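Q: Structure file protein-v7.cif (mmCIF, C-alpha atoms and all ligand atoms) right here:
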data_model
#
loop_
_atom_site.group_PDB
_atom_site.id
_atom_site.type_symbol
_atom_site.label_atom_id
_atom_site.label_comp_id
_atom_site.auth_asym_id
_atom_site.auth_seq_id
_atom_site.Cartn_x
_atom_site.Cartn_y
_atom_site.Cartn_z
ATOM 1 C CA MET A 1 -127.571 18.943 -119.527
ATOM 2 C CA ARG A 2 -126.199 20.492 -116.380
ATOM 3 C CA ALA A 3 -128.709 21.633 -113.800
ATOM 4 C CA GLN A 4 -126.339 24.273 -112.490
ATOM 5 C CA ARG A 5 -125.528 27.610 -113.963
ATOM 6 C CA GLU A 6 -122.115 27.729 -115.478
ATOM 7 C CA ARG A 7 -119.500 29.770 -113.696
ATOM 8 C CA ASP A 8 -116.834 31.712 -115.542
ATOM 9 C CA THR A 9 -118.081 30.930 -118.991
ATOM 10 C CA HIS A 10 -115.859 31.560 -121.961
ATOM 11 C CA TYR A 11 -117.903 34.647 -122.808
ATOM 12 C CA GLU A 12 -117.496 35.990 -119.285
ATOM 13 C CA GLN A 13 -113.741 35.574 -119.454
ATOM 14 C CA GLU A 14 -113.594 37.261 -122.849
ATOM 15 C CA LEU A 15 -115.703 40.160 -121.626
ATOM 16 C CA ARG A 16 -113.439 40.641 -118.607
ATOM 17 C CA ARG A 17 -110.432 40.636 -120.907
ATOM 18 C CA GLU A 18 -112.133 43.208 -123.134
ATOM 19 C CA LEU A 19 -112.936 45.489 -120.181
ATOM 20 C CA HIS A 20 -109.495 45.055 -118.684
ATOM 21 C CA GLY A 21 -107.960 45.960 -122.041
ATOM 22 C CA ARG A 22 -109.947 49.185 -121.985
ATOM 23 C CA GLY A 23 -108.417 50.039 -118.632
ATOM 24 C CA TYR A 24 -111.349 49.139 -116.383
ATOM 25 C CA ARG A 25 -110.695 47.422 -113.070
ATOM 26 C CA PHE A 26 -113.320 45.347 -111.325
ATOM 27 C CA ARG A 27 -113.978 42.529 -108.907
ATOM 28 C CA ILE A 28 -115.357 39.141 -109.764
ATOM 29 C CA HIS A 29 -117.691 36.898 -107.770
ATOM 30 C CA GLN A 30 -118.678 39.611 -105.344
ATOM 31 C CA ARG A 31 -121.706 38.662 -103.265
ATOM 32 C CA VAL A 32 -125.009 40.388 -103.721
ATOM 33 C CA PRO A 33 -125.638 41.759 -100.207
ATOM 34 C CA GLY A 34 -128.125 39.683 -98.260
ATOM 35 C CA SER A 35 -127.994 36.767 -100.670
ATOM 36 C CA ARG A 36 -125.738 33.949 -101.803
ATOM 37 C CA ARG A 37 -125.774 35.108 -105.390
ATOM 38 C CA GLU A 38 -122.705 36.571 -107.014
ATOM 39 C CA ILE A 39 -122.124 39.523 -109.293
ATOM 40 C CA ASP A 40 -120.172 38.366 -112.341
ATOM 41 C CA ILE A 41 -118.291 41.642 -112.797
ATOM 42 C CA ALA A 42 -118.574 44.268 -110.069
ATOM 43 C CA PHE A 43 -117.463 47.891 -110.119
ATOM 44 C CA PRO A 44 -117.734 48.869 -106.438
ATOM 45 C CA ARG A 45 -116.873 52.538 -106.804
ATOM 46 C CA ALA A 46 -119.382 53.144 -109.586
ATOM 47 C CA LYS A 47 -121.826 50.711 -107.922
ATOM 48 C CA VAL A 48 -122.349 48.881 -111.171
ATOM 49 C CA ALA A 49 -123.100 45.158 -111.155
ATOM 50 C CA VAL A 50 -122.733 43.289 -114.432
ATOM 51 C CA PHE A 51 -124.348 39.901 -114.967
ATOM 52 C CA VAL A 52 -123.621 37.789 -117.988
ATOM 53 C CA ASP A 53 -126.781 35.860 -118.754
ATOM 54 C CA GLY A 54 -126.703 32.688 -120.788
ATOM 55 C CA CYS A 55 -129.416 32.519 -123.452
ATOM 56 C CA PHE A 56 -130.683 29.137 -122.264
ATOM 57 C CA TRP A 57 -130.606 29.504 -118.483
ATOM 58 C CA HIS A 58 -131.990 33.006 -118.439
ATOM 59 C CA TRP A 59 -134.459 32.376 -121.240
ATOM 60 C CA CYS A 60 -133.318 34.941 -123.761
ATOM 61 C CA PRO A 61 -136.253 36.224 -125.846
ATOM 62 C CA GLU A 62 -134.293 35.550 -129.031
ATOM 63 C CA HIS A 63 -132.666 32.192 -128.319
ATOM 64 C CA GLY A 64 -134.392 30.789 -125.263
ATOM 65 C CA THR A 65 -135.808 27.326 -125.896
ATOM 66 C CA LEU A 66 -137.620 24.748 -123.858
ATOM 67 C CA PRO A 67 -136.274 21.200 -124.063
ATOM 68 C CA LYS A 68 -138.923 18.842 -125.451
ATOM 69 C CA ALA A 69 -138.614 16.350 -122.601
ATOM 70 C CA ASN A 70 -140.037 17.415 -119.226
ATOM 71 C CA ARG A 71 -141.349 20.576 -120.727
ATOM 72 C CA SER A 72 -143.363 21.789 -117.760
ATOM 73 C CA TRP A 73 -140.497 21.117 -115.355
ATOM 74 C CA TRP A 74 -138.197 23.201 -117.533
ATOM 75 C CA ALA A 75 -140.752 25.979 -117.940
ATOM 76 C CA GLU A 76 -141.026 26.190 -114.160
ATOM 77 C CA LYS A 77 -137.261 26.004 -113.660
ATOM 78 C CA LEU A 78 -136.446 28.679 -116.229
ATOM 79 C CA ASP A 79 -139.225 30.926 -115.028
ATOM 80 C CA GLN A 80 -137.816 30.584 -111.527
ATOM 81 C CA ASN A 81 -134.420 31.687 -112.857
ATOM 82 C CA ARG A 82 -136.004 34.700 -114.448
ATOM 83 C CA ARG A 83 -137.803 35.648 -111.246
ATOM 84 C CA ARG A 84 -134.564 35.236 -109.300
ATOM 85 C CA ASP A 85 -132.785 37.556 -111.730
ATOM 86 C CA ARG A 86 -135.439 40.208 -111.225
ATOM 87 C CA ASP A 87 -135.210 39.782 -107.464
ATOM 88 C CA THR A 88 -131.421 40.173 -107.611
ATOM 89 C CA ASP A 89 -131.783 43.356 -109.676
ATOM 90 C CA ARG A 90 -134.273 44.723 -107.180
ATOM 91 C CA ARG A 91 -132.008 43.970 -104.193
ATOM 92 C CA LEU A 92 -129.144 45.775 -105.866
ATOM 93 C CA ALA A 93 -131.254 48.762 -106.863
ATOM 94 C CA GLU A 94 -132.411 49.082 -103.256
ATOM 95 C CA ILE A 95 -128.844 49.663 -102.100
ATOM 96 C CA GLY A 96 -128.079 52.088 -104.899
ATOM 97 C CA TRP A 97 -126.383 49.760 -107.337
ATOM 98 C CA MET A 98 -127.069 49.632 -111.060
ATOM 99 C CA PRO A 99 -127.624 46.085 -112.321
ATOM 100 C CA ILE A 100 -126.674 45.550 -115.954
ATOM 101 C CA ARG A 101 -127.555 42.350 -117.755
ATOM 102 C CA ILE A 102 -125.566 41.297 -120.756
ATOM 103 C CA TRP A 103 -126.847 38.475 -122.955
ATOM 104 C CA GLU A 104 -124.073 36.151 -123.967
ATOM 105 C CA HIS A 105 -125.200 36.548 -127.588
ATOM 106 C CA MET A 106 -124.086 40.209 -127.584
ATOM 107 C CA GLY A 107 -120.886 41.118 -129.381
ATOM 108 C CA LEU A 108 -118.060 41.708 -126.899
ATOM 109 C CA SER A 109 -117.343 45.248 -127.930
ATOM 110 C CA ASP A 110 -121.045 46.177 -127.887
ATOM 111 C CA ALA A 111 -121.272 44.712 -124.394
ATOM 112 C CA ALA A 112 -118.170 46.602 -123.250
ATOM 113 C CA GLU A 113 -119.520 49.854 -124.737
ATOM 114 C CA ARG A 114 -122.798 49.374 -122.927
ATOM 115 C CA ILE A 115 -121.049 48.797 -119.598
ATOM 116 C CA ALA A 116 -118.633 51.675 -120.172
ATOM 117 C CA GLY A 117 -121.645 53.961 -120.608
ATOM 118 C CA PHE A 118 -122.523 53.382 -116.954
ATOM 119 C CA LEU A 119 -118.990 53.872 -115.658
ATOM 120 C CA SER A 120 -118.144 57.351 -116.828
HETATM 121 ZN ZN ZN A 201 -129.753 35.066 -126.885
#
Kindly return the structure encoded in the file as structure tokens.
A:
Amino acid sequence: MRAQRERDTHYEQELRRELHGRGYRFRIHQRVPGSRREIDIAFPRAKVAVFVDGCFWHWCPEHGTLPKANRSWWAEKLDQNRRRDRDTDRRLAEIGWMPIRIWEHMGLSDAAERIAGFLS
């Protein structure tokens, strides 16, 4: 199992295609100010930052699991990811951006609708 978060997952690419098809334009891999983290899909004018969160790495309440081996290491690691996500959201909110988190288990059109709701 990879220890790194995946970049440009299939879901992310599909979601970008979906948004693009609806006429939305955005930037990818934009830095979160003051950090090395990146916004998956950024809408600078609307100040909306979309993150696509994988169910495993971000410990989705519905599908998050802990591997049986090295359980406490994983619990610590995944909890750290969750804390980092909250910290990222807070940093963005402080500069007036709206962080939106999309679970990769969401249907693409539901996800696009949700994002669109923050853009109009
Ligand atoms: Zn999930």
Q: Would you kindly return, as a list in words, each protein, DNA or RNA residue with an atom no farther than 8 Å from any atom of Trp57 of chain A, considering all atoms listed in the file and excluding same-chain residues fewer than 2 positions away?
A: Arg5, Asp53, Gly54, Cys55, Trp59, Gly64, Leu78 and Asn81 of chain A
Q: What are the nearest atom pairs, with distances in Å to one decimal, for all residues of chain A that come at most 6 Å from ligand ZN 201 (chain A), using all atoms listed in the file, set out by chain and rising residue number as CSV?
A:
residue,atom,partner,partner_atom,distance
A:Cys55,CA,A:ZN201,ZN,4.3
A:Cys60,CA,A:ZN201,ZN,4.7
A:Glu62,CA,A:ZN201,ZN,5.0
A:His63,CA,A:ZN201,ZN,4.3
A:Trp103,CA,A:ZN201,ZN,6.0
A:His105,CA,A:ZN201,ZN,4.8
Q: Considering only C-alpha atoms, state which residue in the set A:Met106, A:Phe43, A:Glu76, A:Arg37 is at the smallest distance from Leu19 of chain A.
A: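 Under the stated criterion, the closest residue is A:Phe43.
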Q: Between A:Asp8, A:Glu38, A:Glu14, A:Asp79, which has the minimum distance to Leu92 of chain A (counting all atoms listed in the file)?
A: A:Glu38
Q: Using all atoms listed in the file, pick whichever of A:Val48, A:Leu108, A:Ala42, A:Ala116 has the shortest atom-to-atom distance to Gln13 of chain A.
A: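 Counting all atoms listed in the file, the residue closest to Gln13 of chain A is A:Leu108.
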Q: Distance cut-off 9 Å, centre (-121.1, 54.4, -110.9) in file coordinates, counting all atoms listed in the file: which residues qualify? Return them as a PyMOL selection string.
A: chain A and resi 43-48+97-98+118-120
Q: Using the chain letters and numbers from the file, give me the residues hit by the PyMOL selection byres (((chain A and resi 34) around 12) and not hetatm), as number ranges by chain.
A: A: 30-33, 35-38, 87-88, 90-92, 94-95
Q: List the residues matched by the PyMOL selection byres (((chain A and resi 26) around 7) and not hetatm) in the displayed structure as a PyMOL selection string, ordered by chain and then by residue number.
A: chain A and resi 24-25+27-28+41-43
Q: Could you check which of A:Glu104, A:Gly117, A:Thr65, A:Ile39 is closest to Thr9 of chain A, using all atoms listed in the file?
A: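 Counting all atoms listed in the file, the residue closest to Thr9 of chain A is A:Glu104.
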Q: Quote the spacing between atom CA of Arg22 of chain A and atom CA of Arg7 of chain A in Å to one decimal place.
A: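 So the two atoms, atom CA of Arg22 of chain A and atom CA of Arg7 of chain A, lie 23.2 Å apart.
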Q: Go ahead and compute the interatomic distance for atom CA of Arg84 of chain A and atom CA of Pro61 of chain A, in Å to one decimal.
A: 16.7 Å
Q: Find the spatial neighbours of Phe51 of chain A, counting all atoms listed in the file, within a cut-off of 8 Å - ignore same-chain residues fewer than 4 positions away - and output them as a PyMOL selection string.
A: chain A and resi 39-41+99-102
Q: What's the separation between atom CA of His29 of chain A and atom CA of Asp110 of chain A, in Å to one decimal place?
A: 22.4 Å
Q: Kindly indicate which residue among A:Trp73, A:Asp85, A:Val50, A:Ala93 lies nearest to Arg114 of chain A, using only C-alpha atoms for the distances.
A: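 Checking each candidate against Arg114 of chain A, we get A:Val50 as the closest.
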Q: Would you list the contacts of Leu66 of chain A as JSON, numbers by chain, taking every protein, DNA or RNA residue within 9 Å and counting all atoms listed in the file, but skipping same-chain residues closer than 5 positions in sequence?
A: {"A": [56, 59, 71, 72, 74, 75, 78]}
Q: Can you patch up segment 43-75 of chain A, filling it in to N, CA and C atoms, and show the result as a CSV table (one decimal), in the coordinates of the input?
A:
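part07.csv was written with the following content:
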chain,number,residue,atom,x,y,z
A,43,PHE,N,-118.2,46.6,-110.2
A,43,PHE,CA,-117.5,47.9,-110.1
A,43,PHE,C,-117.9,48.6,-108.9
A,44,PRO,N,-117.2,48.4,-107.7
A,44,PRO,CA,-117.7,48.9,-106.4
A,44,PRO,C,-117.8,50.4,-106.4
A,45,ARG,N,-116.8,51.1,-106.9
A,45,ARG,CA,-116.9,52.5,-106.8
A,45,ARG,C,-118.0,53.1,-107.6
A,46,ALA,N,-118.3,52.6,-108.8
A,46,ALA,CA,-119.4,53.1,-109.6
A,46,ALA,C,-120.7,52.5,-109.2
A,47,LYS,N,-120.6,51.5,-108.3
A,47,LYS,CA,-121.8,50.7,-107.9
A,47,LYS,C,-122.6,50.1,-109.1
A,48,VAL,N,-121.8,49.5,-110.0
A,48,VAL,CA,-122.3,48.9,-111.2
A,48,VAL,C,-122.1,47.4,-111.1
A,49,ALA,N,-123.2,46.6,-111.3
A,49,ALA,CA,-123.1,45.2,-111.2
A,49,ALA,C,-123.5,44.5,-112.5
A,50,VAL,N,-122.5,43.9,-113.1
A,50,VAL,CA,-122.7,43.3,-114.4
A,50,VAL,C,-123.0,41.8,-114.3
A,51,PHE,N,-124.0,41.3,-114.9
A,51,PHE,CA,-124.3,39.9,-115.0
A,51,PHE,C,-124.3,39.5,-116.4
A,52,VAL,N,-123.6,38.4,-116.7
A,52,VAL,CA,-123.6,37.8,-118.0
A,52,VAL,C,-124.6,36.7,-118.0
A,53,ASP,N,-125.7,36.8,-118.8
A,53,ASP,CA,-126.8,35.9,-118.8
A,53,ASP,C,-126.7,34.9,-120.0
A,54,GLY,N,-126.7,33.7,-119.7
A,54,GLY,CA,-126.7,32.7,-120.8
A,54,GLY,C,-128.1,32.6,-121.4
A,55,CYS,N,-128.1,32.5,-122.7
A,55,CYS,CA,-129.4,32.5,-123.5
A,55,CYS,C,-130.4,31.4,-123.0
A,56,PHE,N,-129.8,30.2,-122.7
A,56,PHE,CA,-130.7,29.1,-122.3
A,56,PHE,C,-131.2,29.3,-120.8
A,57,TRP,N,-130.2,29.5,-119.9
A,57,TRP,CA,-130.6,29.5,-118.5
A,57,TRP,C,-131.4,30.7,-118.1
A,58,HIS,N,-131.3,31.8,-118.8
A,58,HIS,CA,-132.0,33.0,-118.4
A,58,HIS,C,-133.1,33.3,-119.4
A,59,TRP,N,-133.3,32.3,-120.3
A,59,TRP,CA,-134.5,32.4,-121.2
A,59,TRP,C,-134.5,33.6,-122.1
A,60,CYS,N,-133.4,33.8,-122.9
A,60,CYS,CA,-133.3,34.9,-123.8
A,60,CYS,C,-134.5,35.0,-124.7
A,61,PRO,N,-135.1,36.2,-124.9
A,61,PRO,CA,-136.3,36.2,-125.8
A,61,PRO,C,-135.9,35.8,-127.3
A,62,GLU,N,-134.7,35.9,-127.7
A,62,GLU,CA,-134.3,35.6,-129.0
A,62,GLU,C,-133.9,34.1,-129.2
A,63,HIS,N,-133.2,33.6,-128.2
A,63,HIS,CA,-132.7,32.2,-128.3
A,63,HIS,C,-133.1,31.2,-127.3
A,64,GLY,N,-133.9,31.7,-126.3
A,64,GLY,CA,-134.4,30.8,-125.3
A,64,GLY,C,-135.3,29.7,-125.8
A,65,THR,N,-135.0,28.5,-125.4
A,65,THR,CA,-135.8,27.3,-125.9
A,65,THR,C,-136.2,26.5,-124.7
A,66,LEU,N,-137.2,25.7,-124.9
A,66,LEU,CA,-137.6,24.7,-123.9
A,66,LEU,C,-137.3,23.3,-124.4
A,67,PRO,N,-136.5,22.6,-123.6
A,67,PRO,CA,-136.3,21.2,-124.1
A,67,PRO,C,-137.6,20.4,-124.2
A,68,LYS,N,-137.7,19.5,-125.2
A,68,LYS,CA,-138.9,18.8,-125.5
A,68,LYS,C,-139.3,17.9,-124.3
A,69,ALA,N,-138.3,17.2,-123.7
A,69,ALA,CA,-138.6,16.4,-122.6
A,69,ALA,C,-138.8,17.2,-121.3
A,70,ASN,N,-139.8,16.7,-120.5
A,70,ASN,CA,-140.0,17.4,-119.2
A,70,ASN,C,-140.3,18.9,-119.4
A,71,ARG,N,-141.1,19.2,-120.4
A,71,ARG,CA,-141.3,20.6,-120.7
A,71,ARG,C,-141.9,21.4,-119.6
A,72,SER,N,-142.8,20.9,-118.8
A,72,SER,CA,-143.4,21.8,-117.8
A,72,SER,C,-142.4,22.0,-116.6
A,73,TRP,N,-141.5,21.0,-116.4
A,73,TRP,CA,-140.5,21.1,-115.4
A,73,TRP,C,-139.5,22.2,-115.8
A,74,TRP,N,-139.1,22.2,-117.0
A,74,TRP,CA,-138.2,23.2,-117.5
A,74,TRP,C,-138.8,24.6,-117.5
A,75,ALA,N,-140.1,24.7,-117.9
A,75,ALA,CA,-140.8,26.0,-117.9
A,75,ALA,C,-140.7,26.6,-116.5
